[in-house]
Amino acid sequence: MHDNKKRKVIVHLIYDLAQAGAQTVVMNYVRSMSKEDRYDVHIVLLGKENNTIYEKECKSKGYPVHYCNYCETSIPILRPIINWYNQQRAIYRTLKNLNVDVLHTHITTILPYCIFPAFLLHIKKKVHTLHSDPYAISGRFVLFGKLAFKYMNFKPICVTEAQADKAKQVYKLKNMDVVHNGIDFESYGVHETAECIRDDLGIPKDSFVIGCVGRMDKVKNHNFLLDVFAEVLKYQKNAKLLLVGDGSEKLSIEQYAKNRNIEQEVMFLGTRDDVRRIYSILDCFVLTSLSESSSIVTVEAQLFNVRCVVSTAVPESVVCRRNVFRLSLEEPVQKWASTVLAKDTNNCELNDIDSFSITGSMKKLERIYEEES
């Protein structure tokens, strides 16, 4: 084993460790890199401890997590400026104690708060992953992105080729590295029968089960999904909809299900550490997002060969099976419902699902880490 002094200190900086796309990417990176002798991997979170499922995993497996413990000021005067300063100070104080060799930041809206701490600490290697559609980022964050990428030596990484093309236009860059959101395929085995899992969840074995995995946020467009499900119920009376995830819109989504009189057939499963079991019992995975840079959950569903019906916000690059269909949100719910219930296959060009393996992604990422700044 290498001497600890020679181990490169890698820090992943993100807002929190909720069960969401960017956070899942960070966890996949940390799980993989923690097996390497040459890296000392840390996670830095802007806020306070929330005891999420991912935080619990970090504790149990010994992955170091550091909390900046930032909280917004209650002072009304100059509040935005005070908050902006306090977030930078919290990040600076936390990073100062870690002797960072590589700072890897995640989610573009965090850039305004880590550019100057990184500069003051003389961190030479800085990497940033864009997890969102660049055109969905508001103007002021784009300005900070341009500052970070053009003048402060942050190396941008995109998660799909389509996202990279957009980022080049938005940030006026010629080159952009692409590292797919890697998944540890070997960890996706399920050793229970679908019948046992359905029984455990209280789902009749003959039910037609539709599922969606994602945070309950407006961008995930759950209300449209509920409209589609209501249409499915007209033809498939024994259908069930499983919603995995949590978020600020949960109460609103629950109320919408009640308004549609379908709440008895919708199961809100919350955040879970057994999402693989959920995928394994689905007849169809449905994702109605308004915006997606990539879609880890769509790839995960395909690992279980589940039929997928997703919005065109999900990039073509994640379509790896013949039973995956992309539909415009402009299409009526009747079209969505019929596609969910159909048994046909598509004829579009397929991508290699192995390109989403964590092994290949980590090779690309480590090469970026080792490049001279």
# chains A, B, ... in the order shown; residues from 1 in each chain; ligands from 1
>>> closest_atom_pairs(of="region 153-263 of chain A", to="region 278-289 of chain A", cutoff="8 Å", atoms="only C-alpha atoms", output="tab-separated table")
residue	atom	partner	partner_atom	distance
A:Val190	CA	A:Ser280	CA	7.4
A:Ala194	CA	A:Ile281	CA	5.2
A:Ile197	CA	A:Ile281	CA	7.3
A:Arg198	CA	A:Ile281	CA	7.0
A:Phe208	CA	A:Asp283	CA	6.2
A:Val209	CA	A:Leu282	CA	5.2
A:Ile210	CA	A:Cys284	CA	4.9
A:Gly211	CA	A:Phe285	CA	4.9
A:Cys212	CA	A:Val286	CA	5.6
A:Val213	CA	A:Leu287	CA	7.9
A:Val219	CA	A:Ser289	CA	5.8
A:Lys220	CA	A:Ser289	CA	4.1
A:Asn221	CA	A:Ser289	CA	5.3
A:His222	CA	A:Thr288	CA	6.9
A:Phe224	CA	A:Thr288	CA	6.9
A:Leu225	CA	A:Thr288	CA	6.1
>>> residues_around(residues="Val41 (chain A)", least_positions_apart="3", cutoff="8 Å", atoms="only C-alpha atoms", output="VMD selection string")
chain A and resid 9 to 12 30 33 to 34 63 to 64
>>> residues_around(residues="Ser338 (chain A)", least_positions_apart="4", cutoff="9 Å", atoms="only C-alpha atoms", output="VMD selection string")
chain A and resid 231 to 232 333 to 334 342
>>> write_last_selection(atoms="C-alpha atoms", output="compact mmCIF listing (two decimals), in the first residue's frame")
# COMPACT_ATOMS: atom_id res chain seq x y z
CA GLU A 231 -55.42 7.13 -18.32
CA VAL A 232 -53.71 3.74 -17.92
CA VAL A 333 -51.76 11.37 -22.22
CA GLN A 334 -53.64 8.83 -24.37
CA ALA A 342 -48.07 -1.76 -25.62
>>> atom_distance(atom1="CA of Leu121 (chain A)", atom2="CA of Asp16 (chain A)")
22.4 Å
>>> select_by_dssp(residues="region 211-330 of chain A", states="alpha helix (DSSP H)", output="PyMOL selection string")
chain A and resi 222-235+250-259+275-279+296-303
>>> closest_residue(among="A:Leu341, A:Ile296, A:Leu251, A:Ala167", to="His180 (chain A)", atoms="only C-alpha atoms")
A:Ile296
